[in-house]
file coords38.cif (mmCIF, C-alpha atoms)
data_structure
#
loop_
_atom_site.label_atom_id
_atom_site.label_comp_id
_atom_site.auth_asym_id
_atom_site.auth_seq_id
_atom_site.Cartn_x
_atom_site.Cartn_y
_atom_site.Cartn_z
CA MET A 35 16.07 154.06 41.47
CA LYS A 36 18.05 150.85 42.00
CA ILE A 37 15.37 149.54 44.39
CA SER A 38 12.62 150.12 41.81
CA ARG A 39 14.62 148.16 39.24
CA HIS A 40 14.94 145.26 41.66
CA LEU A 41 11.22 145.44 42.41
CA ALA A 42 10.48 145.33 38.68
CA TRP A 43 12.67 142.23 38.28
CA LEU A 44 10.99 140.65 41.30
CA ALA A 45 7.53 141.37 39.90
CA LEU A 46 8.52 139.86 36.55
CA LEU A 47 9.98 136.78 38.23
CA LEU A 48 6.87 136.35 40.38
CA SER A 49 4.56 136.58 37.36
CA VAL A 50 6.59 133.95 35.49
CA VAL A 51 6.67 131.68 38.54
CA VAL A 52 2.90 131.93 38.97
CA THR A 53 2.39 131.19 35.28
CA ALA A 54 4.84 128.29 35.28
CA CYS A 55 3.35 126.84 38.46
CA SER A 56 -0.09 126.89 36.95
CA ALA A 57 0.81 123.92 34.75
CA THR A 58 -1.16 121.08 36.24
CA PRO A 59 -1.78 117.58 35.00
CA PRO A 60 -4.94 117.05 32.98
CA LYS A 61 -8.02 116.79 35.15
CA GLU A 62 -9.13 113.52 33.56
CA LEU A 63 -5.89 111.80 34.61
CA LEU A 64 -6.42 112.95 38.18
CA GLU A 65 -10.08 111.91 38.20
CA ARG A 66 -9.27 108.43 36.85
CA ASN A 67 -6.34 108.10 39.26
CA ASP A 68 -4.30 107.19 36.16
CA HIS A 69 -0.80 106.81 37.57
CA SER A 70 0.64 105.67 34.25
CA GLY A 71 -0.72 108.75 32.50
CA LEU A 72 0.43 111.01 35.33
CA THR A 73 3.91 109.47 35.19
CA THR A 74 4.11 110.28 31.48
CA TRP A 75 2.73 113.79 31.98
CA TYR A 76 5.24 114.62 34.72
CA GLU A 77 8.13 113.17 32.68
CA GLN A 78 7.14 115.38 29.74
CA GLU A 79 6.77 118.39 32.04
CA ALA A 80 10.25 117.73 33.48
CA ALA A 81 11.72 117.57 29.97
CA ARG A 82 9.99 120.84 29.01
CA LEU A 83 11.32 122.56 32.11
CA GLN A 84 14.84 121.23 31.52
CA GLU A 85 14.71 122.69 28.00
CA LYS A 86 13.70 126.06 29.44
CA ALA A 87 16.56 125.89 31.97
CA GLU A 88 19.00 125.12 29.17
CA ALA A 89 17.66 128.01 27.07
CA MET A 90 18.21 130.39 30.00
CA ARG A 91 21.74 129.04 30.51
CA GLN A 92 22.53 129.67 26.85
CA ARG A 93 21.01 133.14 26.99
CA ALA A 94 23.17 134.02 30.02
CA GLU A 95 26.24 132.83 28.12
CA ARG A 96 25.29 135.03 25.14
CA TYR A 97 24.85 138.07 27.38
CA ALA A 98 28.22 137.37 28.99
CA ALA A 99 29.93 137.03 25.60
CA PHE A 100 28.61 140.23 24.00
CA SER A 101 30.58 143.35 24.70
CA GLU A 102 27.55 145.58 24.13
CA PRO A 103 24.25 143.70 24.39
CA HIS A 104 21.19 145.76 23.55
CA LEU A 105 20.32 147.24 26.91
CA THR A 106 17.84 149.77 28.07
CA PRO A 107 19.28 152.62 30.16
CA LYS A 108 18.19 150.84 33.36
CA GLU A 109 19.81 147.46 32.58
CA THR A 110 23.35 146.23 32.95
CA ARG A 111 24.86 143.10 31.53
CA GLU A 112 25.17 141.73 35.07
CA ASP A 113 21.42 142.31 35.59
CA LEU A 114 20.58 140.33 32.48
CA ILE A 115 22.94 137.49 33.38
CA ALA A 116 21.56 137.35 36.93
CA HIS A 117 18.02 137.36 35.56
CA CYS A 118 18.77 134.42 33.25
CA ARG A 119 20.51 132.47 35.98
CA SER A 120 17.58 133.01 38.35
CA PHE A 121 15.20 131.55 35.80
CA MET A 122 17.62 128.76 34.96
CA HIS A 123 17.73 127.70 38.62
CA TYR A 124 13.97 128.02 38.96
CA TYR A 125 13.29 125.85 35.89
CA ALA A 126 15.89 123.27 36.96
CA LYS A 127 14.30 122.99 40.42
CA ALA A 128 10.81 122.70 38.93
CA ALA A 129 12.09 119.96 36.59
CA GLU A 130 13.52 118.06 39.59
CA GLU A 131 10.15 118.32 41.34
CA ALA A 132 8.34 117.03 38.24
CA GLU A 133 10.78 114.11 38.04
CA THR A 134 10.11 113.31 41.70
CA LEU A 135 6.36 113.33 41.07
CA ALA A 136 6.81 111.09 38.02
CA LYS A 137 8.78 108.65 40.18
CA LEU A 138 6.07 108.65 42.87
CA HIS A 139 3.35 107.93 40.31
CA ARG A 140 5.51 105.21 38.72
CA GLU A 141 5.78 103.57 42.14
CA GLN A 142 1.99 103.83 42.58
CA GLU A 143 1.49 102.06 39.25
CA THR A 144 3.29 98.97 40.51
CA ALA A 145 1.71 99.11 43.97
CA ILE A 146 -1.87 98.95 42.66
CA PRO A 147 -2.79 95.48 41.34
#

call {"tool": "encode", "arguments": {"input": "coords38.cif", "output": "structure tokens"}}
result
Amino acid sequence: MKISRHLAWLALLLSVVVTACSATPPKELLERNDHSGLTTWYEQEAARLQEKAEAMRQRAERYAAFSEPHLTPKETREDLIAHCRSFMHYYAKAAEEAETLAKLHREQETAIP
């Protein structure tokens, strides 16, 4: 039973990762090779992902603070906290990657006359 719970969490995490990874810059920016626009898009994406990471951090804190969070029979407080922390780390890493891409496009802006 514990393995099926972990598989369910893994499936949920995978579905969120696939959905979150599907965020791509607008096609017209890519087609125009618009590095300024791509820089802005990636900066905004990084900010959005940082907000999501912060929301997950706060949610984990709330779960840790409540003595009896509303749980289903198959959940524990530790499961919920671990779940939130996993997403928090995922969103933080994705935000770092978006910041790196913004930096690369910013450098391309100045390199192209």

call {"tool": "atom_distance", "arguments": {"input": "coords38.cif", "atom1": "CA of Phe121 in chain A", "atom2": "CA of Thr73 in chain A"}}
result
24.8 Å

call {"tool": "atom_distance", "arguments": {"input": "coords38.cif", "atom1": "CA of Gln142 in chain A", "atom2": "CA of Tyr124 in chain A"}}
result
27.2 Å

call {"tool": "residues_around", "arguments": {"input": "coords38.cif", "residues": "range 125-136 of chain A", "least_positions_apart": "2", "cutoff": "8 Å", "atoms": "all atoms listed in the file", "output": "list in words"}}
result
Leu72, Thr73, Thr74, Trp75, Tyr76, Glu77, Glu79, Ala80, Ala81, Arg82, Leu83, Gln84, Lys86, Ala87, Phe121, Met122, His123, Leu138, His139 and Arg140 of chain A

call {"tool": "residues_around", "arguments": {"input": "coords38.cif", "residues": "Cys118 in chain A", "least_positions_apart": "5", "cutoff": "9 Å", "atoms": "all atoms listed in the file", "output": "list in words"}}
result
Ala87, Ala89, Met90, Arg91, Gln92, Arg93, Ala94, Asp113 and His123 of chain A

call {"tool": "build_atoms", "arguments": {"input": "coords38.cif", "residues": "range 61-87 of chain A", "atoms": "N, CA, C and O atoms", "output": "PDB file, in the coordinates of the input"}}
result
ATOM      1  N   LYS A  61      -7.020 117.143  34.143  1.00  0.00           N
ATOM      2  CA  LYS A  61      -8.020 116.790  35.150  1.00  0.00           C
ATOM      3  C   LYS A  61      -8.490 115.337  35.004  1.00  0.00           C
ATOM      4  O   LYS A  61      -8.695 114.643  36.000  1.00  0.00           O
ATOM      5  N   GLU A  62      -8.632 114.883  33.767  1.00  0.00           N
ATOM      6  CA  GLU A  62      -9.130 113.520  33.560  1.00  0.00           C
ATOM      7  C   GLU A  62      -8.161 112.459  34.101  1.00  0.00           C
ATOM      8  O   GLU A  62      -8.583 111.418  34.590  1.00  0.00           O
ATOM      9  N   LEU A  63      -6.855 112.731  34.036  1.00  0.00           N
ATOM     10  CA  LEU A  63      -5.890 111.800  34.610  1.00  0.00           C
ATOM     11  C   LEU A  63      -6.032 111.733  36.126  1.00  0.00           C
ATOM     12  O   LEU A  63      -5.938 110.659  36.729  1.00  0.00           O
ATOM     13  N   LEU A  64      -6.244 112.894  36.722  1.00  0.00           N
ATOM     14  CA  LEU A  64      -6.420 112.950  38.180  1.00  0.00           C
ATOM     15  C   LEU A  64      -7.713 112.251  38.593  1.00  0.00           C
ATOM     16  O   LEU A  64      -7.729 111.491  39.563  1.00  0.00           O
ATOM     17  N   GLU A  65      -8.788 112.504  37.856  1.00  0.00           N
ATOM     18  CA  GLU A  65     -10.080 111.910  38.200  1.00  0.00           C
ATOM     19  C   GLU A  65     -10.062 110.395  38.064  1.00  0.00           C
ATOM     20  O   GLU A  65     -10.682 109.688  38.856  1.00  0.00           O
ATOM     21  N   ARG A  66      -9.345 109.884  37.068  1.00  0.00           N
ATOM     22  CA  ARG A  66      -9.270 108.430  36.850  1.00  0.00           C
ATOM     23  C   ARG A  66      -8.215 107.782  37.735  1.00  0.00           C
ATOM     24  O   ARG A  66      -8.076 106.569  37.726  1.00  0.00           O
ATOM     25  N   ASN A  67      -7.434 108.623  38.444  1.00  0.00           N
ATOM     26  CA  ASN A  67      -6.340 108.100  39.260  1.00  0.00           C
ATOM     27  C   ASN A  67      -5.374 107.295  38.367  1.00  0.00           C
ATOM     28  O   ASN A  67      -4.908 106.218  38.734  1.00  0.00           O
ATOM     29  N   ASP A  68      -5.117 107.847  37.188  1.00  0.00           N
ATOM     30  CA  ASP A  68      -4.300 107.190  36.160  1.00  0.00           C
ATOM     31  C   ASP A  68      -2.815 107.467  36.421  1.00  0.00           C
ATOM     32  O   ASP A  68      -2.245 108.436  35.921  1.00  0.00           O
ATOM     33  N   HIS A  69      -2.208 106.592  37.201  1.00  0.00           N
ATOM     34  CA  HIS A  69      -0.800 106.810  37.570  1.00  0.00           C
ATOM     35  C   HIS A  69       0.135 106.677  36.379  1.00  0.00           C
ATOM     36  O   HIS A  69       1.134 107.393  36.294  1.00  0.00           O
ATOM     37  N   SER A  70      -0.187 105.806  35.451  1.00  0.00           N
ATOM     38  CA  SER A  70       0.640 105.670  34.250  1.00  0.00           C
ATOM     39  C   SER A  70       0.606 106.959  33.433  1.00  0.00           C
ATOM     40  O   SER A  70       1.647 107.466  32.996  1.00  0.00           O
ATOM     41  N   GLY A  71      -0.586 107.495  33.238  1.00  0.00           N
ATOM     42  CA  GLY A  71      -0.720 108.750  32.500  1.00  0.00           C
ATOM     43  C   GLY A  71      -0.063 109.910  33.219  1.00  0.00           C
ATOM     44  O   GLY A  71       0.579 110.765  32.590  1.00  0.00           O
ATOM     45  N   LEU A  72      -0.197 109.936  34.547  1.00  0.00           N
ATOM     46  CA  LEU A  72       0.430 111.010  35.330  1.00  0.00           C
ATOM     47  C   LEU A  72       1.951 110.894  35.287  1.00  0.00           C
ATOM     48  O   LEU A  72       2.649 111.907  35.224  1.00  0.00           O
ATOM     49  N   THR A  73       2.465 109.665  35.305  1.00  0.00           N
ATOM     50  CA  THR A  73       3.910 109.470  35.190  1.00  0.00           C
ATOM     51  C   THR A  73       4.414 110.081  33.878  1.00  0.00           C
ATOM     52  O   THR A  73       5.378 110.850  33.860  1.00  0.00           O
ATOM     53  N   THR A  74       3.732 109.753  32.796  1.00  0.00           N
ATOM     54  CA  THR A  74       4.110 110.280  31.480  1.00  0.00           C
ATOM     55  C   THR A  74       4.009 111.795  31.447  1.00  0.00           C
ATOM     56  O   THR A  74       4.914 112.472  30.944  1.00  0.00           O
ATOM     57  N   TRP A  75       2.919 112.337  32.000  1.00  0.00           N
ATOM     58  CA  TRP A  75       2.730 113.790  31.980  1.00  0.00           C
ATOM     59  C   TRP A  75       3.854 114.485  32.740  1.00  0.00           C
ATOM     60  O   TRP A  75       4.419 115.474  32.249  1.00  0.00           O
ATOM     61  N   TYR A  76       4.188 113.988  33.930  1.00  0.00           N
ATOM     62  CA  TYR A  76       5.240 114.620  34.720  1.00  0.00           C
ATOM     63  C   TYR A  76       6.614 114.459  34.057  1.00  0.00           C
ATOM     64  O   TYR A  76       7.456 115.353  34.131  1.00  0.00           O
ATOM     65  N   GLU A  77       6.852 113.340  33.398  1.00  0.00           N
ATOM     66  CA  GLU A  77       8.130 113.170  32.680  1.00  0.00           C
ATOM     67  C   GLU A  77       8.235 114.188  31.546  1.00  0.00           C
ATOM     68  O   GLU A  77       9.300 114.782  31.332  1.00  0.00           O
ATOM     69  N   GLN A  78       7.139 114.391  30.820  1.00  0.00           N
ATOM     70  CA  GLN A  78       7.140 115.380  29.740  1.00  0.00           C
ATOM     71  C   GLN A  78       7.308 116.792  30.281  1.00  0.00           C
ATOM     72  O   GLN A  78       8.010 117.617  29.689  1.00  0.00           O
ATOM     73  N   GLU A  79       6.655 117.063  31.415  1.00  0.00           N
ATOM     74  CA  GLU A  79       6.770 118.390  32.040  1.00  0.00           C
ATOM     75  C   GLU A  79       8.214 118.621  32.490  1.00  0.00           C
ATOM     76  O   GLU A  79       8.765 119.713  32.316  1.00  0.00           O
ATOM     77  N   ALA A  80       8.857 117.602  33.049  1.00  0.00           N
ATOM     78  CA  ALA A  80      10.250 117.730  33.480  1.00  0.00           C
ATOM     79  C   ALA A  80      11.157 118.025  32.281  1.00  0.00           C
ATOM     80  O   ALA A  80      12.032 118.893  32.360  1.00  0.00           O
ATOM     81  N   ALA A  81      10.917 117.329  31.175  1.00  0.00           N
ATOM     82  CA  ALA A  81      11.720 117.570  29.970  1.00  0.00           C
ATOM     83  C   ALA A  81      11.525 118.991  29.456  1.00  0.00           C
ATOM     84  O   ALA A  81      12.491 119.669  29.077  1.00  0.00           O
ATOM     85  N   ARG A  82      10.282 119.469  29.466  1.00  0.00           N
ATOM     86  CA  ARG A  82       9.990 120.840  29.010  1.00  0.00           C
ATOM     87  C   ARG A  82      10.704 121.860  29.886  1.00  0.00           C
ATOM     88  O   ARG A  82      11.315 122.814  29.396  1.00  0.00           O
ATOM     89  N   LEU A  83      10.671 121.639  31.185  1.00  0.00           N
ATOM     90  CA  LEU A  83      11.320 122.560  32.110  1.00  0.00           C
ATOM     91  C   LEU A  83      12.836 122.516  31.983  1.00  0.00           C
ATOM     92  O   LEU A  83      13.506 123.545  32.094  1.00  0.00           O
ATOM     93  N   GLN A  84      13.389 121.338  31.733  1.00  0.00           N
ATOM     94  CA  GLN A  84      14.840 121.230  31.520  1.00  0.00           C
ATOM     95  C   GLN A  84      15.247 121.984  30.260  1.00  0.00           C
ATOM     96  O   GLN A  84      16.312 122.626  30.238  1.00  0.00           O
ATOM     97  N   GLU A  85      14.426 121.925  29.222  1.00  0.00           N
ATOM     98  CA  GLU A  85      14.710 122.690  28.000  1.00  0.00           C
ATOM     99  C   GLU A  85      14.714 124.184  28.286  1.00  0.00           C
ATOM    100  O   GLU A  85      15.565 124.922  27.777  1.00  0.00           O
ATOM    101  N   LYS A  86      13.759 124.636  29.095  1.00  0.00           N
ATOM    102  CA  LYS A  86      13.700 126.060  29.440  1.00  0.00           C
ATOM    103  C   LYS A  86      14.937 126.457  30.256  1.00  0.00           C
ATOM    104  O   LYS A  86      15.495 127.541  30.051  1.00  0.00           O
ATOM    105  N   ALA A  87      15.362 125.603  31.184  1.00  0.00           N
ATOM    106  CA  ALA A  87      16.560 125.890  31.970  1.00  0.00           C
ATOM    107  C   ALA A  87      17.777 126.004  31.065  1.00  0.00           C
ATOM    108  O   ALA A  87      18.597 126.915  31.214  1.00  0.00           O
TER     109      ALA A  87
END
